[in-house]
$ cat model.cif   # mmCIF, C-alpha atoms and all ligand atoms
data_work
loop_
_atom_site.label_atom_id
_atom_site.label_comp_id
_atom_site.auth_asym_id
_atom_site.auth_seq_id
_atom_site.Cartn_x
_atom_site.Cartn_y
_atom_site.Cartn_z
CA MET A 139 66.12 48.67 120.52
CA ARG A 140 63.05 48.13 122.68
CA SER A 141 60.87 50.28 120.45
CA LYS A 142 62.06 48.38 117.37
CA ALA A 143 61.20 45.02 118.95
CA LEU A 144 57.82 46.44 119.99
CA ARG A 145 57.16 47.60 116.43
CA GLN A 146 58.07 44.16 115.11
CA GLY A 147 55.78 42.50 117.70
CA THR A 148 52.90 44.77 116.72
CA ARG A 149 53.54 44.12 113.07
CA GLY A 150 53.52 40.34 113.83
CA SER A 151 50.20 40.46 115.64
CA VAL A 152 48.67 42.65 112.90
CA LEU A 153 49.81 40.02 110.43
CA ILE A 154 48.17 37.24 112.46
CA VAL A 155 44.91 39.21 112.65
CA VAL A 156 44.96 39.90 108.92
CA VAL A 157 45.70 36.27 108.07
CA GLY A 158 42.93 35.20 110.47
CA MET A 159 40.45 37.59 108.89
CA LEU A 160 41.40 36.41 105.44
CA ALA A 161 40.82 32.81 106.53
CA ILE A 162 37.36 33.69 107.92
CA LEU A 163 36.47 35.58 104.74
CA LEU A 164 37.59 32.62 102.66
CA LEU A 165 35.46 30.23 104.74
CA MET A 166 32.47 32.55 104.40
CA THR A 167 32.93 32.76 100.66
CA VAL A 168 33.10 28.97 100.38
CA SER A 169 29.99 28.49 102.51
CA VAL A 170 28.01 31.22 100.70
CA GLY A 171 29.19 29.72 97.41
CA ARG A 172 28.08 26.25 98.44
CA ARG A 173 24.68 27.50 99.53
CA ALA A 174 24.25 29.42 96.30
CA ASN A 175 25.25 26.33 94.41
CA GLN A 176 22.70 24.20 96.26
CA GLU A 177 20.02 26.76 95.55
CA LEU A 178 20.97 26.83 91.91
CA VAL A 179 20.66 23.03 91.70
CA LEU A 180 17.23 23.22 93.35
CA VAL A 181 16.04 25.94 91.00
CA LYS A 182 17.28 23.95 88.03
CA TYR A 183 15.50 20.85 89.32
CA SER A 184 12.20 22.72 89.80
CA LEU A 185 12.45 24.21 86.32
CA GLN A 186 13.09 20.80 84.77
CA LYS A 187 10.27 19.25 86.79
CA MET A 188 7.94 22.05 85.69
CA GLN A 189 8.94 21.47 82.08
CA SER A 190 8.09 17.77 82.39
CA ARG A 191 4.75 18.71 83.96
CA TYR A 192 3.87 20.95 81.01
CA LEU A 193 4.90 18.20 78.62
CA ALA A 194 2.54 15.78 80.41
CA TRP A 195 -0.21 18.41 80.11
CA ALA A 196 0.46 18.72 76.39
CA GLY A 197 0.29 14.92 76.12
CA PHE A 198 -3.07 14.94 77.88
CA HIS A 199 -4.55 17.41 75.39
CA TYR A 200 -2.96 15.48 72.54
CA SER A 201 -4.76 12.32 73.78
CA LEU A 202 -8.05 14.21 74.14
CA SER A 203 -7.86 15.27 70.50
CA TYR A 204 -7.57 11.60 69.46
CA ILE A 205 -10.51 10.60 71.67
CA ARG A 206 -12.59 13.38 70.13
CA ALA A 207 -11.63 12.45 66.55
CA ASP A 208 -12.38 8.76 67.15
CA GLY A 209 -15.76 9.60 68.65
CA LEU A 210 -16.68 11.43 65.45
CA ASP A 211 -15.71 8.50 63.23
CA GLU A 212 -18.65 6.33 62.14
CA LYS A 213 -16.61 3.14 61.96
CA THR A 214 -13.75 3.09 64.47
CA GLY A 215 -15.77 5.01 67.06
CA ARG A 216 -18.11 2.04 67.45
CA TYR A 217 -15.57 -0.62 68.28
CA ASP A 218 -12.84 -0.46 70.90
CA SER A 219 -10.34 -3.25 71.44
CA GLN A 220 -7.14 -3.74 73.37
CA PHE A 221 -5.22 -2.84 70.23
CA ALA A 222 -7.13 0.28 69.25
CA CYS A 223 -9.07 1.98 72.00
CA ALA A 224 -10.52 5.46 71.38
CA VAL A 225 -8.13 6.05 68.53
CA LYS A 226 -8.54 6.04 64.77
CA LEU A 227 -5.65 4.31 63.03
CA ILE A 228 -4.86 4.99 59.39
CA GLU A 229 -3.78 2.02 57.27
CA GLU A 230 -0.80 0.24 58.86
CA GLN A 231 -0.52 2.70 61.74
CA THR A 232 -0.19 1.32 65.29
CA PRO A 233 -0.94 3.11 68.59
CA GLU A 234 2.81 3.04 69.23
CA ASP A 235 3.36 5.29 66.18
CA ILE A 236 1.02 7.86 67.67
CA PHE A 237 1.72 7.65 71.39
CA LYS A 238 5.34 6.63 71.90
CA GLU A 239 7.90 9.39 72.58
CA VAL A 240 6.20 12.34 70.94
CA LYS A 241 8.87 15.07 70.69
CA LEU A 242 7.99 18.58 71.80
CA GLY A 243 10.11 21.62 72.68
CA GLY A 244 13.30 19.77 73.56
CA GLY A 245 11.48 17.12 75.60
CA SER A 246 8.90 14.45 74.88
CA PHE A 247 5.79 12.69 76.17
CA GLY A 248 4.32 9.23 75.89
CA VAL A 249 0.84 7.79 76.47
CA THR A 250 0.35 4.29 77.82
CA ALA A 251 -2.60 2.01 78.52
CA GLY A 252 -0.73 -0.57 80.57
CA GLN A 253 2.58 -0.78 82.38
CA ASP A 254 3.29 -4.47 82.61
CA PRO A 255 4.09 -5.00 79.79
CA VAL A 256 4.20 -1.40 78.57
CA ARG A 257 1.44 -0.87 76.00
CA TYR A 258 1.32 2.44 74.13
CA GLY A 259 -2.07 4.01 73.48
CA MET A 260 -5.16 4.32 75.62
CA GLY A 261 -7.21 1.77 77.55
CA ASP A 262 -10.73 1.70 78.95
CA GLU A 263 -12.73 1.07 82.07
CA ASP A 264 -15.50 -0.66 80.13
CA GLY A 265 -13.82 -4.07 80.12
CA LYS A 266 -13.94 -4.04 83.92
CA LEU A 267 -16.81 -4.96 86.22
CA ASN A 268 -18.59 -1.78 87.31
CA LEU A 269 -19.34 -1.90 91.03
CA ASN A 270 -22.09 0.67 90.47
CA ALA A 271 -23.88 -1.64 88.05
CA VAL A 272 -23.65 -4.74 90.22
CA GLY A 273 -27.15 -5.42 91.52
CA ILE A 274 -29.20 -8.32 92.83
CA PRO A 275 -29.63 -10.02 89.41
CA ASN A 276 -25.90 -10.08 88.63
CA TYR A 277 -23.98 -9.82 91.90
CA GLY A 278 -22.98 -13.45 91.23
CA ILE A 279 -20.39 -12.13 88.73
CA LEU A 280 -18.66 -10.23 91.52
CA LYS A 281 -18.94 -13.32 93.72
CA GLU A 282 -17.18 -15.44 91.08
CA LEU A 283 -14.49 -12.79 90.69
CA LEU A 284 -13.84 -12.91 94.43
CA VAL A 285 -13.67 -16.71 94.36
CA ILE A 286 -11.15 -16.57 91.50
CA ALA A 287 -9.06 -14.21 93.67
CA GLY A 288 -9.04 -16.79 96.46
CA LEU A 289 -11.95 -15.88 98.76
CA ASP A 290 -14.02 -18.81 100.06
CA LEU A 291 -17.46 -19.28 98.52
CA ASN A 292 -19.45 -18.25 101.58
CA SER A 293 -17.45 -15.06 102.19
CA ALA A 294 -17.48 -14.22 98.47
CA ASN A 295 -21.26 -14.47 98.42
CA MET A 296 -21.53 -12.24 101.50
CA VAL A 297 -19.06 -9.61 100.21
CA ALA A 298 -20.69 -9.42 96.76
CA ALA A 299 -24.17 -9.02 98.23
CA SER A 300 -22.90 -6.42 100.70
CA ALA A 301 -21.38 -4.46 97.81
CA VAL A 302 -24.92 -4.13 96.47
CA ASP A 303 -26.20 -3.03 99.88
CA TRP A 304 -23.35 -0.53 100.28
CA ARG A 305 -24.40 1.26 97.10
CA ASP A 306 -28.16 0.78 96.58
CA GLU A 307 -30.50 3.40 98.02
CA ASP A 308 -32.65 1.08 100.09
CA SER A 309 -31.75 -0.50 103.42
CA GLU A 310 -33.04 -3.97 102.56
CA PRO A 311 -30.26 -6.59 102.72
CA ALA A 312 -29.68 -8.05 99.25
CA LEU A 313 -29.54 -11.56 100.68
CA GLY A 314 -32.65 -11.18 102.84
CA LYS A 315 -32.64 -10.53 106.57
CA GLU A 316 -32.15 -14.15 107.66
CA GLN A 317 -28.91 -14.51 105.70
CA GLN A 318 -27.34 -11.24 106.73
CA GLN A 319 -24.64 -11.13 109.40
CA GLU A 320 -25.82 -10.35 112.94
CA GLU A 321 -23.88 -7.06 113.08
CA GLY A 322 -23.72 -4.59 110.19
CA PRO A 323 -21.62 -5.96 107.34
CA PHE A 324 -19.43 -2.85 107.09
CA GLY A 325 -16.45 -1.52 109.02
CA PRO A 326 -14.72 -2.93 112.11
CA GLU A 327 -16.71 -4.90 114.68
CA LYS A 328 -16.34 -2.23 117.40
CA GLU A 329 -17.37 0.67 115.19
CA PRO A 330 -19.60 -0.69 112.45
CA LEU A 331 -20.28 1.64 109.54
CA ARG A 332 -23.64 2.37 108.00
CA ALA A 333 -24.11 1.58 104.33
CA LYS A 334 -23.27 4.48 102.04
CA ASN A 335 -26.49 4.04 100.00
CA ARG A 336 -24.91 6.06 97.20
CA PRO A 337 -22.69 5.04 94.28
CA PHE A 338 -19.12 3.90 94.81
CA ASP A 339 -16.71 6.79 94.21
CA GLN A 340 -13.66 4.54 94.40
CA VAL A 341 -13.06 0.84 94.04
CA VAL A 342 -11.24 0.83 97.38
CA GLU A 343 -14.55 1.33 99.22
CA LEU A 344 -14.89 -2.43 98.84
CA MET A 345 -12.44 -2.67 101.74
CA PHE A 346 -15.14 -1.35 104.10
CA ILE A 347 -16.99 -4.63 103.69
CA ASN A 348 -16.28 -7.23 106.35
CA ARG A 349 -14.58 -10.44 105.21
CA MET A 350 -12.86 -8.59 102.39
CA THR A 351 -9.09 -9.04 102.69
CA PRO A 352 -6.24 -6.84 101.41
CA GLU A 353 -4.76 -9.84 99.52
CA VAL A 354 -7.99 -10.49 97.64
CA TYR A 355 -8.46 -6.77 97.02
CA GLU A 356 -5.00 -6.45 95.43
CA LYS A 357 -5.85 -9.31 93.07
CA ILE A 358 -9.21 -8.00 91.89
CA LYS A 359 -8.84 -4.21 91.93
CA ASN A 360 -7.64 -4.03 88.30
CA GLY A 361 -10.74 -5.90 87.14
CA LEU A 362 -13.10 -3.41 88.80
CA THR A 363 -14.28 0.11 88.04
CA VAL A 364 -16.82 2.64 89.37
CA PHE A 365 -17.73 4.11 85.95
CA PRO A 366 -20.36 5.02 85.02
CA ARG A 367 -21.48 6.03 88.51
CA ARG A 368 -25.16 5.88 87.58
CA ALA A 369 -25.88 2.83 85.47
CA ASP A 370 -29.20 1.25 84.63
CA ASN A 371 -27.62 -1.99 83.59
CA LEU A 372 -24.28 -3.70 83.52
CA LYS A 373 -22.25 -3.34 80.31
CA ILE A 374 -18.88 -4.94 79.66
CA ASN A 375 -16.65 -4.65 76.60
CA LEU A 376 -15.70 -8.28 75.95
CA ALA A 377 -12.93 -7.14 73.59
CA THR A 378 -11.06 -5.38 76.39
CA ALA A 379 -12.14 -7.36 79.47
CA PRO A 380 -9.31 -9.00 81.41
CA ARG A 381 -9.30 -12.80 81.69
CA GLU A 382 -10.61 -12.84 85.28
CA VAL A 383 -13.64 -10.76 84.37
CA LEU A 384 -14.51 -13.01 81.42
CA LEU A 385 -14.05 -16.07 83.61
CA ALA A 386 -16.26 -14.63 86.36
CA MET A 387 -19.01 -13.83 83.82
CA ALA A 388 -18.83 -17.26 82.18
CA ARG A 389 -18.88 -19.10 85.51
CA PHE A 390 -21.81 -16.98 86.69
CA PHE A 391 -23.89 -18.18 83.73
CA SER A 392 -22.88 -21.83 84.05
CA GLY A 393 -24.78 -24.31 86.19
CA PRO A 394 -27.87 -26.53 86.26
CA VAL A 395 -30.20 -23.69 85.15
CA THR A 396 -28.43 -23.39 81.80
CA GLY A 397 -27.47 -27.08 81.59
CA THR A 398 -23.79 -26.19 81.52
CA SER A 399 -20.82 -26.91 83.77
CA ARG A 400 -17.96 -24.91 85.20
CA GLY A 401 -15.72 -26.78 82.76
CA ASP A 402 -17.79 -25.38 79.87
CA ALA A 403 -17.34 -21.86 81.25
CA ASP A 404 -13.58 -22.24 81.60
CA GLY A 405 -13.32 -23.88 78.17
CA LEU A 406 -15.23 -21.04 76.58
CA VAL A 407 -12.93 -18.41 78.09
CA THR A 408 -9.83 -20.26 76.89
CA LYS A 409 -11.20 -20.30 73.33
CA LEU A 410 -12.37 -16.73 73.55
CA LEU A 411 -8.98 -15.42 74.69
CA ALA A 412 -7.10 -17.43 72.06
CA PHE A 413 -9.39 -16.12 69.32
CA ARG A 414 -9.24 -12.54 70.58
CA ALA A 415 -5.41 -12.49 70.65
CA GLY A 416 -5.19 -13.49 66.98
CA GLU A 417 -2.51 -15.57 65.27
CA ASP A 418 0.45 -14.12 67.19
CA ARG A 419 -1.26 -15.12 70.46
CA ILE A 420 -0.41 -11.73 71.95
CA GLU A 421 -3.12 -9.43 73.26
CA GLY A 422 -3.18 -5.84 72.02
CA THR A 423 -1.46 -6.32 68.66
CA ALA A 424 -2.67 -5.54 65.13
CA ASP A 425 -3.92 -9.07 64.39
CA ASP A 426 -6.34 -9.12 67.35
CA GLN A 427 -9.80 -10.25 66.26
CA GLU A 428 -13.33 -9.13 67.01
CA LEU A 429 -15.29 -11.92 68.74
CA VAL A 430 -17.62 -13.76 66.37
CA GLU A 431 -19.54 -16.69 67.81
CA THR A 432 -19.49 -18.78 64.64
CA LYS A 433 -15.73 -18.51 64.17
CA MET A 434 -14.67 -19.76 67.59
CA ALA A 435 -15.59 -23.46 67.26
CA LEU A 436 -17.71 -23.46 70.40
CA THR A 437 -19.51 -26.53 71.78
CA MET A 438 -23.25 -26.26 72.41
CA PRO A 439 -22.92 -25.52 76.14
CA GLU A 440 -20.17 -22.98 75.41
CA GLN A 441 -22.51 -21.28 72.94
CA VAL A 442 -25.22 -21.08 75.57
CA ILE A 443 -22.89 -19.34 78.00
CA PHE A 444 -21.48 -17.02 75.33
CA ARG A 445 -24.94 -15.86 74.28
CA LEU A 446 -25.82 -15.08 77.88
CA MET A 447 -22.60 -13.10 78.24
CA MET A 448 -23.54 -11.12 75.14
CA GLN A 449 -26.54 -9.70 77.03
CA TYR A 450 -24.05 -7.58 78.96
CA GLU A 451 -21.86 -6.75 76.01
CA THR A 452 -20.93 -3.31 74.72
CA LYS A 453 -18.55 -2.81 71.82
CA THR A 454 -17.91 0.86 72.45
CA SER A 455 -15.90 1.98 75.44
CA ARG A 456 -17.10 5.16 77.07
CA PHE A 457 -14.56 5.65 79.87
CA ILE A 458 -11.07 5.99 78.46
CA SER A 459 -8.18 5.57 80.87
CA PHE A 460 -4.54 6.36 80.18
CA ARG A 461 -1.25 7.54 81.67
CA VAL A 462 0.68 10.43 80.19
CA SER A 463 4.39 10.70 81.03
CA GLY A 464 6.20 13.97 80.32
CA PHE A 465 10.00 13.80 79.90
CA GLU A 466 12.08 16.96 80.15
CA GLY A 467 14.97 16.91 77.65
CA ALA A 468 18.29 17.41 79.44
CA ASN A 469 17.96 15.16 82.47
CA ARG A 470 14.82 13.17 81.63
CA ARG A 471 12.95 14.53 84.66
CA GLN A 472 9.48 12.96 84.63
CA SER A 473 5.88 13.87 85.47
CA HIS A 474 2.83 11.68 85.15
CA ILE A 475 -0.90 12.14 84.72
CA ASP A 476 -3.31 9.24 85.25
CA ALA A 477 -6.70 10.16 83.88
CA VAL A 478 -10.08 8.69 83.03
CA VAL A 479 -12.10 10.64 80.48
CA ASP A 480 -15.79 10.23 79.71
CA ARG A 481 -15.71 10.34 75.96
CA GLN A 482 -19.38 11.23 75.56
CA THR A 483 -18.89 14.54 77.32
CA LEU A 484 -15.07 14.80 77.08
CA THR A 485 -14.91 15.47 80.79
CA VAL A 486 -12.31 14.17 83.22
CA VAL A 487 -13.86 11.80 85.76
CA SER A 488 -10.66 10.76 87.48
CA TRP A 489 -7.33 12.61 87.73
CA ARG A 490 -4.05 12.00 89.50
CA ASN A 491 -0.72 13.67 88.78
CA ASP A 492 2.76 13.90 90.25
CA CA B 501 -28.37 -0.04 100.63
CA CA B 502 -2.55 -10.37 68.65
#
$ encode --input "model.cif" --output "structure tokens"
Amino acid sequence: MRSKALRQGTRGSVLIVVVGMLAILLLMTVSVGRRANQELVLVKYSLQKMQSRYLAWAGFHYSLSYIRADGLDEKTGRYDSQFACAVKLIEEQTPEDIFKEVKLGGGSFGVTAGQDPVRYGMGDEDGKLNLNAVGIPNYGILKELLVIAGLDLNSANMVAASAVDWRDEDSEPALGKEQQQEEGPFGPEKEPLRAKNRPFDQVVELMFINRMTPEVYEKIKNGLTVFPRRADNLKINLATAPREVLLAMARFFSGPVTGTSRGDADGLVTKLLAFRAGEDRIEGTADDQELVETKMALTMPEQVIFRLMMQYETKTSRFISFRVSGFEGANRRQSHIDAVVDRQTLTVVSWRND
């Protein structure tokens, strides 16, 4: 009897051990399974992300081929506008036809010039004010741009002149010694910076100048560029320049010297923008018009200002900026490339990707 009970007891404990072991094994399987599953998801994600990256790369080379082709074209290569920049359009074609959702290997890519609102195609840096071409004769344009962004006149004058000093090779203050601030005009008061005395590499270097504020910077940064880095004179594409840049130029040329008023400058820019946008009144559409002085119904003072602005005009954009977005097919994973290309040499002068 005793031995039978003992046997049953042993059998019972063996059963408990076996059940326990099974439970542990099951838990291990579940945890290994979960980990494997997580790894699988990660691998899948990386593969999809990589696919979107290659699609963005393809989109970049696709864009380059259009820039190259446009550069070789006698006619379209000489005029860049907000509608057609660095691209040759055939008949009724629009940039959207060429650059929106280009399908490739199960995914797609798109090329945009602006995000708000989204504008398909490429844009330029040439409509912006080049900090590396702002010198003593024209720093007043930068001053006006700063005033438009909300900086007071005195500070705007100081910041614009200091931007010249930051970049130019000499150490002579642009405003003359008597007008310059007591301490160096760059960096914080406790640790003033020396002027760079070399070209701006990035627009954000403007923040090193005293009296410049983050609020003002945010407002003007999209109207500024650093290309070309070495420039003999300032050139602006009036067909692609944003409103603020046109306004700053026009106001710079207005005043007693030219017998014109600020009202004339502002009036000119209103007419210029309305004419440029064409009948639909929307910038960057097919009916946009090339600026022609005689067609804009300008007053005499407006004409004076316009002709002075034309001294700085270029019709061809050299620095082409665009964003390529690659979309992987299954889950629409995305990658982006923001690039600026010098179309004369077809080299990349600015590159950012994620
Ligand atoms: Ca200097
Ligand atoms: Ca239009």
$ closest_atom_pairs --input "model.cif" --of "chain A" --to "ligand CA 502 (chain B)" --cutoff "7 Å" --atoms "only C-alpha atoms and all ligand atoms" --output "Markdown table"
| residue | atom | partner | partner_atom | distance |
| --- | --- | --- | --- | --- |
| A:Ala415 | CA | B:CA502 | CA | 4.1 |
| A:Gly416 | CA | B:CA502 | CA | 4.4 |
| A:Glu417 | CA | B:CA502 | CA | 6.2 |
| A:Asp418 | CA | B:CA502 | CA | 5.0 |
| A:Arg419 | CA | B:CA502 | CA | 5.2 |
| A:Ile420 | CA | B:CA502 | CA | 4.2 |
| A:Glu421 | CA | B:CA502 | CA | 4.7 |
| A:Gly422 | CA | B:CA502 | CA | 5.7 |
| A:Thr423 | CA | B:CA502 | CA | 4.2 |
| A:Ala424 | CA | B:CA502 | CA | 6.0 |
| A:Asp425 | CA | B:CA502 | CA | 4.7 |
| A:Asp426 | CA | B:CA502 | CA | 4.2 |
$ closest_residue --input "model.cif" --among "A:Val297, A:Ala224, A:Ala379, A:Leu160" --to "Glu343 of chain A" --atoms "all atoms listed in the file"
A:Val297
$ closest_residue --input "model.cif" --among "A:Asn469, A:Thr214, A:Asn295, A:Ser463" --to "Gln253 of chain A" --atoms "all atoms listed in the file"
A:Ser463
$ residues_near_ligand --input "model.cif" --ligand "ligand CA 501 (chain B)" --cutoff "8 Å" --atoms "only C-alpha atoms and all ligand atoms" --output "PyMOL selection string"
chain A and resi 302-311+333-336
$ residues_around --input "model.cif" --residues "Ser300 of chain A" --least-positions-apart "6" --cutoff "9 Å" --atoms "all atoms listed in the file" --output "MDAnalysis selection string"
chainID A and resid 311:313 318 323:324 333 347:348
$ residues_near_point --input "model.cif" --point "(-25.7, -6.4, 78.6)" --cutoff "8 Å" --atoms "only C-alpha atoms" --output "list of chain:residue names"
A:Asn371, A:Leu372, A:Lys373, A:Ile374, A:Met447, A:Met448, A:Gln449, A:Tyr450, A:Glu451, A:Thr452
$ closest_residue --input "model.cif" --among "A:Asn270, A:Gln472, A:Thr232, A:Ser392" --to "Lys187 of chain A" --atoms "all atoms listed in the file"
A:Gln472
